[in-house]
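Next up, query22.pdb (PDB, C-alpha atoms):
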ATOM      1  CA  MET A 224       6.686  -8.171  18.823
ATOM      2  CA  ASP A 225       7.263  -6.744  22.253
ATOM      3  CA  THR A 226       5.100  -7.875  25.139
ATOM      4  CA  ALA A 227       3.677  -5.758  27.928
ATOM      5  CA  GLU A 228       6.710  -6.742  30.007
ATOM      6  CA  GLY A 229       9.258  -5.695  27.402
ATOM      7  CA  THR A 230      11.211  -7.238  24.575
ATOM      8  CA  LEU A 231      10.935 -10.930  23.802
ATOM      9  CA  PRO A 232      14.066 -13.053  24.164
ATOM     10  CA  GLN A 233      16.150 -13.196  20.985
ATOM     11  CA  ARG A 234      15.490 -16.937  20.674
ATOM     12  CA  LEU A 235      11.770 -16.276  20.335
ATOM     13  CA  ARG A 236      12.149 -13.267  18.029
ATOM     14  CA  THR A 237      14.029 -15.321  15.441
ATOM     15  CA  LEU A 238      12.199 -18.661  15.483
ATOM     16  CA  PRO A 239      10.711 -19.151  12.000
ATOM     17  CA  SER A 240       7.802 -21.173  13.385
ATOM     18  CA  ARG A 241       6.931 -18.445  15.891
ATOM     19  CA  LEU A 242       7.274 -15.688  13.304
ATOM     20  CA  THR A 243       5.092 -17.604  10.854
ATOM     21  CA  ASN A 244       2.451 -18.196  13.507
ATOM     22  CA  HIS A 245       2.504 -14.552  14.603
ATOM     23  CA  ALA A 246       2.222 -13.371  10.989
ATOM     24  CA  ALA A 247      -0.664 -15.810  10.426
ATOM     25  CA  LEU A 248      -2.533 -14.430  13.433
ATOM     26  CA  ILE A 249      -2.162 -10.907  12.059
ATOM     27  CA  ALA A 250      -3.180 -11.997   8.544
ATOM     28  CA  ASN A 251      -6.225 -13.859   9.881
ATOM     29  CA  ARG A 252      -7.351 -10.799  11.834
ATOM     30  CA  ILE A 253      -7.034  -8.591   8.730
ATOM     31  CA  VAL A 254      -8.895 -11.132   6.543
ATOM     32  CA  ASP A 255     -11.641 -11.639   9.127
ATOM     33  CA  GLN A 256     -12.163  -7.865   9.329
ATOM     34  CA  ALA A 257     -12.334  -7.587   5.531
ATOM     35  CA  LEU A 258     -14.850 -10.408   5.219
ATOM     36  CA  ALA A 259     -16.913  -8.976   8.090
ATOM     37  CA  GLN A 260     -17.510  -5.896   5.916
ATOM     38  CA  ALA A 261     -19.643  -8.174   3.731
ATOM     39  CA  GLY A 262     -21.145 -10.055   6.679
ATOM     40  CA  VAL A 263     -19.358 -13.322   5.912
ATOM     41  CA  ARG A 264     -16.670 -15.534   7.402
ATOM     42  CA  ARG A 265     -13.784 -17.507   5.905
ATOM     43  CA  TYR A 266     -15.879 -20.681   5.584
ATOM     44  CA  HIS A 267     -18.398 -18.776   3.459
ATOM     45  CA  TYR A 268     -15.647 -17.552   1.171
ATOM     46  CA  ALA A 269     -14.016 -20.995   0.918
ATOM     47  CA  LEU A 270     -17.302 -22.657   0.008
ATOM     48  CA  LEU A 271     -18.214 -20.036  -2.604
ATOM     49  CA  ALA A 272     -14.700 -20.165  -4.068
ATOM     50  CA  ALA A 273     -14.810 -23.961  -4.387
ATOM     51  CA  LEU A 274     -18.231 -23.906  -6.025
ATOM     52  CA  GLU A 275     -17.264 -21.103  -8.386
ATOM     53  CA  GLU A 276     -14.051 -22.807  -9.452
ATOM     54  CA  PHE A 277     -15.085 -26.472  -9.535
ATOM     55  CA  GLY A 278     -18.851 -26.387  -9.997
ATOM     56  CA  PRO A 279     -21.677 -28.116  -8.115
ATOM     57  CA  ALA A 280     -20.728 -30.679  -5.497
ATOM     58  CA  SER A 281     -22.082 -32.626  -2.561
ATOM     59  CA  GLN A 282     -21.593 -31.251   0.917
ATOM     60  CA  ALA A 283     -19.213 -34.116   1.681
ATOM     61  CA  ALA A 284     -17.093 -33.366  -1.395
ATOM     62  CA  LEU A 285     -17.057 -29.664  -0.538
ATOM     63  CA  GLY A 286     -15.946 -30.510   2.990
ATOM     64  CA  ARG A 287     -13.033 -32.574   1.678
ATOM     65  CA  ARG A 288     -12.080 -29.905  -0.837
ATOM     66  CA  THR A 289     -12.186 -26.981   1.621
ATOM     67  CA  GLY A 290     -11.264 -28.670   4.893
ATOM     68  CA  ILE A 291     -14.558 -27.586   6.449
ATOM     69  CA  ASP A 292     -15.809 -30.066   9.053
ATOM     70  CA  ARG A 293     -19.155 -31.774   8.358
ATOM     71  CA  SER A 294     -20.996 -29.980  11.185
ATOM     72  CA  ASP A 295     -19.601 -26.610  10.114
ATOM     73  CA  MET A 296     -20.432 -27.411   6.475
ATOM     74  CA  VAL A 297     -24.127 -27.804   7.257
ATOM     75  CA  ALA A 298     -24.237 -24.450   9.042
ATOM     76  CA  THR A 299     -22.240 -22.757   6.271
ATOM     77  CA  VAL A 300     -24.486 -24.128   3.517
ATOM     78  CA  ASN A 301     -27.560 -23.124   5.540
ATOM     79  CA  ASP A 302     -26.225 -19.564   5.925
ATOM     80  CA  LEU A 303     -25.402 -19.239   2.243
ATOM     81  CA  ALA A 304     -28.700 -20.809   1.144
ATOM     82  CA  GLU A 305     -30.663 -18.380   3.345
ATOM     83  CA  ARG A 306     -28.840 -15.527   1.598
ATOM     84  CA  GLN A 307     -29.601 -17.146  -1.774
ATOM     85  CA  LEU A 308     -25.886 -17.368  -2.579
ATOM     86  CA  VAL A 309     -26.107 -21.139  -3.084
ATOM     87  CA  LYS A 310     -28.909 -23.562  -3.751
ATOM     88  CA  ARG A 311     -29.169 -27.154  -2.708
ATOM     89  CA  ALA A 312     -31.046 -29.858  -4.530
ATOM     90  CA  PRO A 313     -31.277 -33.628  -4.155
ATOM     91  CA  ASP A 314     -28.610 -35.499  -6.096
ATOM     92  CA  PRO A 315     -30.398 -37.262  -8.979
ATOM     93  CA  GLU A 316     -28.073 -40.266  -8.513
ATOM     94  CA  ASP A 317     -28.536 -40.492  -4.726
ATOM     95  CA  ARG A 318     -31.566 -38.696  -3.279
ATOM     96  CA  ARG A 319     -30.092 -38.959   0.233
ATOM     97  CA  ARG A 320     -27.350 -36.536  -0.797
ATOM     98  CA  ASN A 321     -27.656 -32.831  -1.625
ATOM     99  CA  ILE A 322     -25.802 -31.111  -4.437
ATOM    100  CA  ILE A 323     -24.795 -27.523  -3.726
ATOM    101  CA  THR A 324     -24.614 -25.013  -6.579
ATOM    102  CA  ILE A 325     -23.508 -21.384  -6.534
ATOM    103  CA  THR A 326     -26.189 -18.918  -7.692
ATOM    104  CA  ALA A 327     -25.780 -15.759  -9.769
ATOM    105  CA  ALA A 328     -25.942 -13.801  -6.507
ATOM    106  CA  GLY A 329     -23.219 -16.076  -5.113
ATOM    107  CA  ARG A 330     -21.006 -15.356  -8.144
ATOM    108  CA  SER A 331     -21.521 -11.650  -7.632
ATOM    109  CA  GLN A 332     -20.713 -12.027  -3.942
ATOM    110  CA  ILE A 333     -17.480 -13.963  -4.595
ATOM    111  CA  THR A 334     -16.348 -11.199  -6.972
ATOM    112  CA  HIS A 335     -17.015  -8.639  -4.234
ATOM    113  CA  LEU A 336     -15.241 -10.780  -1.636
ATOM    114  CA  ASP A 337     -12.240 -11.208  -3.948
ATOM    115  CA  ARG A 338     -11.878  -7.413  -4.033
ATOM    116  CA  LEU A 339     -12.130  -7.184  -0.242
ATOM    117  CA  LEU A 340      -9.538  -9.920   0.182
ATOM    118  CA  ALA A 341      -7.179  -8.354  -2.355
ATOM    119  CA  ALA A 342      -7.276  -5.166  -0.283
ATOM    120  CA  ALA A 343      -6.687  -7.204   2.883
ATOM    121  CA  GLN A 344      -3.684  -8.911   1.299
ATOM    122  CA  ASP A 345      -2.315  -5.508   0.296
ATOM    123  CA  GLU A 346      -2.756  -4.271   3.860
ATOM    124  CA  PHE A 347      -1.013  -7.319   5.317
ATOM    125  CA  LEU A 348       1.861  -7.209   2.821
ATOM    126  CA  ALA A 349       2.199  -3.406   2.809
ATOM    127  CA  PRO A 350       5.787  -3.393   4.154
ATOM    128  CA  LEU A 351       6.980  -5.611   1.278
ATOM    129  CA  PRO A 352       7.760  -4.569  -2.293
ATOM    130  CA  ALA A 353       6.199  -6.632  -5.108
ATOM    131  CA  ALA A 354       9.261  -8.858  -5.604
ATOM    132  CA  ASP A 355       9.376  -9.721  -1.897
ATOM    133  CA  ARG A 356       5.652 -10.498  -1.943
ATOM    134  CA  ARG A 357       6.174 -12.965  -4.798
ATOM    135  CA  ASP A 358       9.139 -14.511  -2.962
ATOM    136  CA  LEU A 359       7.136 -14.816   0.250
ATOM    137  CA  ILE A 360       4.263 -16.529  -1.558
ATOM    138  CA  ASP A 361       6.738 -18.885  -3.240
ATOM    139  CA  LEU A 362       8.458 -19.731   0.049
ATOM    140  CA  LEU A 363       5.209 -20.276   1.937
ATOM    141  CA  THR A 364       3.832 -22.413  -0.897
ATOM    142  CA  ARG A 365       6.942 -24.597  -0.803
ATOM    143  CA  LEU A 366       6.636 -25.032   2.964
ATOM    144  CA  VAL A 367       2.951 -25.921   2.765
ATOM    145  CA  ASP A 368       3.525 -28.290  -0.166
ATOM    146  CA  ARG A 369       6.409 -29.994   1.621
ATOM    147  CA  HIS A 370       4.532 -30.513   4.855
ATOM    148  CA  GLY A 371       1.339 -31.751   3.245
ATOM    149  CA  ASP A 372      -1.252 -29.179   4.307
ATOM    150  CA  LYS A 373      -3.659 -29.452   1.385
ATOM    151  CA  HIS A 374      -6.542 -27.507   2.961
ATOM    152  CA  ASN A 375      -5.161 -23.996   2.870
TER     153      ASN A 375
END
Transcribe the structure of this file into structure tokens.
Amino acid sequence: MDTAEGTLPQRLRTLPSRLTNHAALIANRIVDQALAQAGVRRYHYALLAALEEFGPASQAALGRRTGIDRSDMVATVNDLAERQLVKRAPDPEDRRRNIITITAAGRSQITHLDRLLAAAQDEFLAPLPAADRRDLIDLLTRLVDRHGDKHN
């Protein structure tokens, strides 16, 4: 965590919020690189994961579930539909709304992406033994749960 000018002040090196942010930046870089191997981004993975786990949904519901903004949702669904990883069809109850469904190719893709992300997690957590990894996940989950971030 040294800068080009030398060592950071002790205050900065031991701030939990700074350490968490720095670790998140590293983790995001590793995850982005892993997903790029498959030509996708985090939004693609989040959308496929939500559809695979919870089933078909409207774009609005998927946006609420994944935290993807409406304008980004449209682009993400368009990308995945072009790749035939999802299909969209008019909602039979409200023809103004589309229902998004994961395809067989999308299920295959999410399985592949899960493997890439598992390897990315292993790379990120490489310095930690298994017990520390479990503890870290527990601690981070408690922090996120406590502070109300339901989108990650």
Close residues, stretch 314-318 of chain A itself excluded, 12 Å, only C-alpha atoms, min 3 positions apart in chain, as a ChimeraX atom specification: /A:279-282,311,321-324
Ground truth for the PyMOL selection byres ((chain A and resi 304) around 12), written as a count of residues only: 25
Output check: residues returned by the PyMOL selection byres ((chain A and resi 238-246) around 12), as a count of residues only: 23
Two-atom distance - atom CA of A:Asp345, atom CA of A:Leu274 (Å): 25.1 Å
Interatomic distance (Å, one decimal) between atom CA of A:Ala343 and atom CA of A:Tyr266: 16.5 Å
For A:Val254: contacts at 10 Å, only C-alpha atoms, fewer than 6 positions along chain excluded, given as number ranges by chain: A: 248, 264-265, 339-344, 346-347
Selection dump of the PyMOL selection byres ((chain A and resi 336) around 9), as number ranges by chain: A: 257-258, 261, 263, 268, 331-335, 337-341
Separation of atom CA of A:Ala272 from atom CA of A:Leu285, in Å and rounded to one decimal: 10.4 Å
Top pick for closest residue to A:Arg320, considering A:Ala283, A:Arg288, A:Ala259, A:Gly229 and counting all atoms listed in the file: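 Result for the nearest residue to A:Arg320: A:Ala283.
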Residues near A:Thr289, cut-off 7 Å, all atoms listed in the file, skip fewer than 2 positions along chain, as a ChimeraX atom specification: /A:269-270,285-287,291,374
For stretch 282-293 of chain A, what centre and edge lengths in Å (one decimal) does the axis-aligned box get once 3 Å is added on each side of all its listed atoms, as AutoDock Vina command-line options?
--center_x -16.4 --center_y -30.5 --center_z 3.8 --size_x 16.3 --size_y 13.1 --size_z 16.4
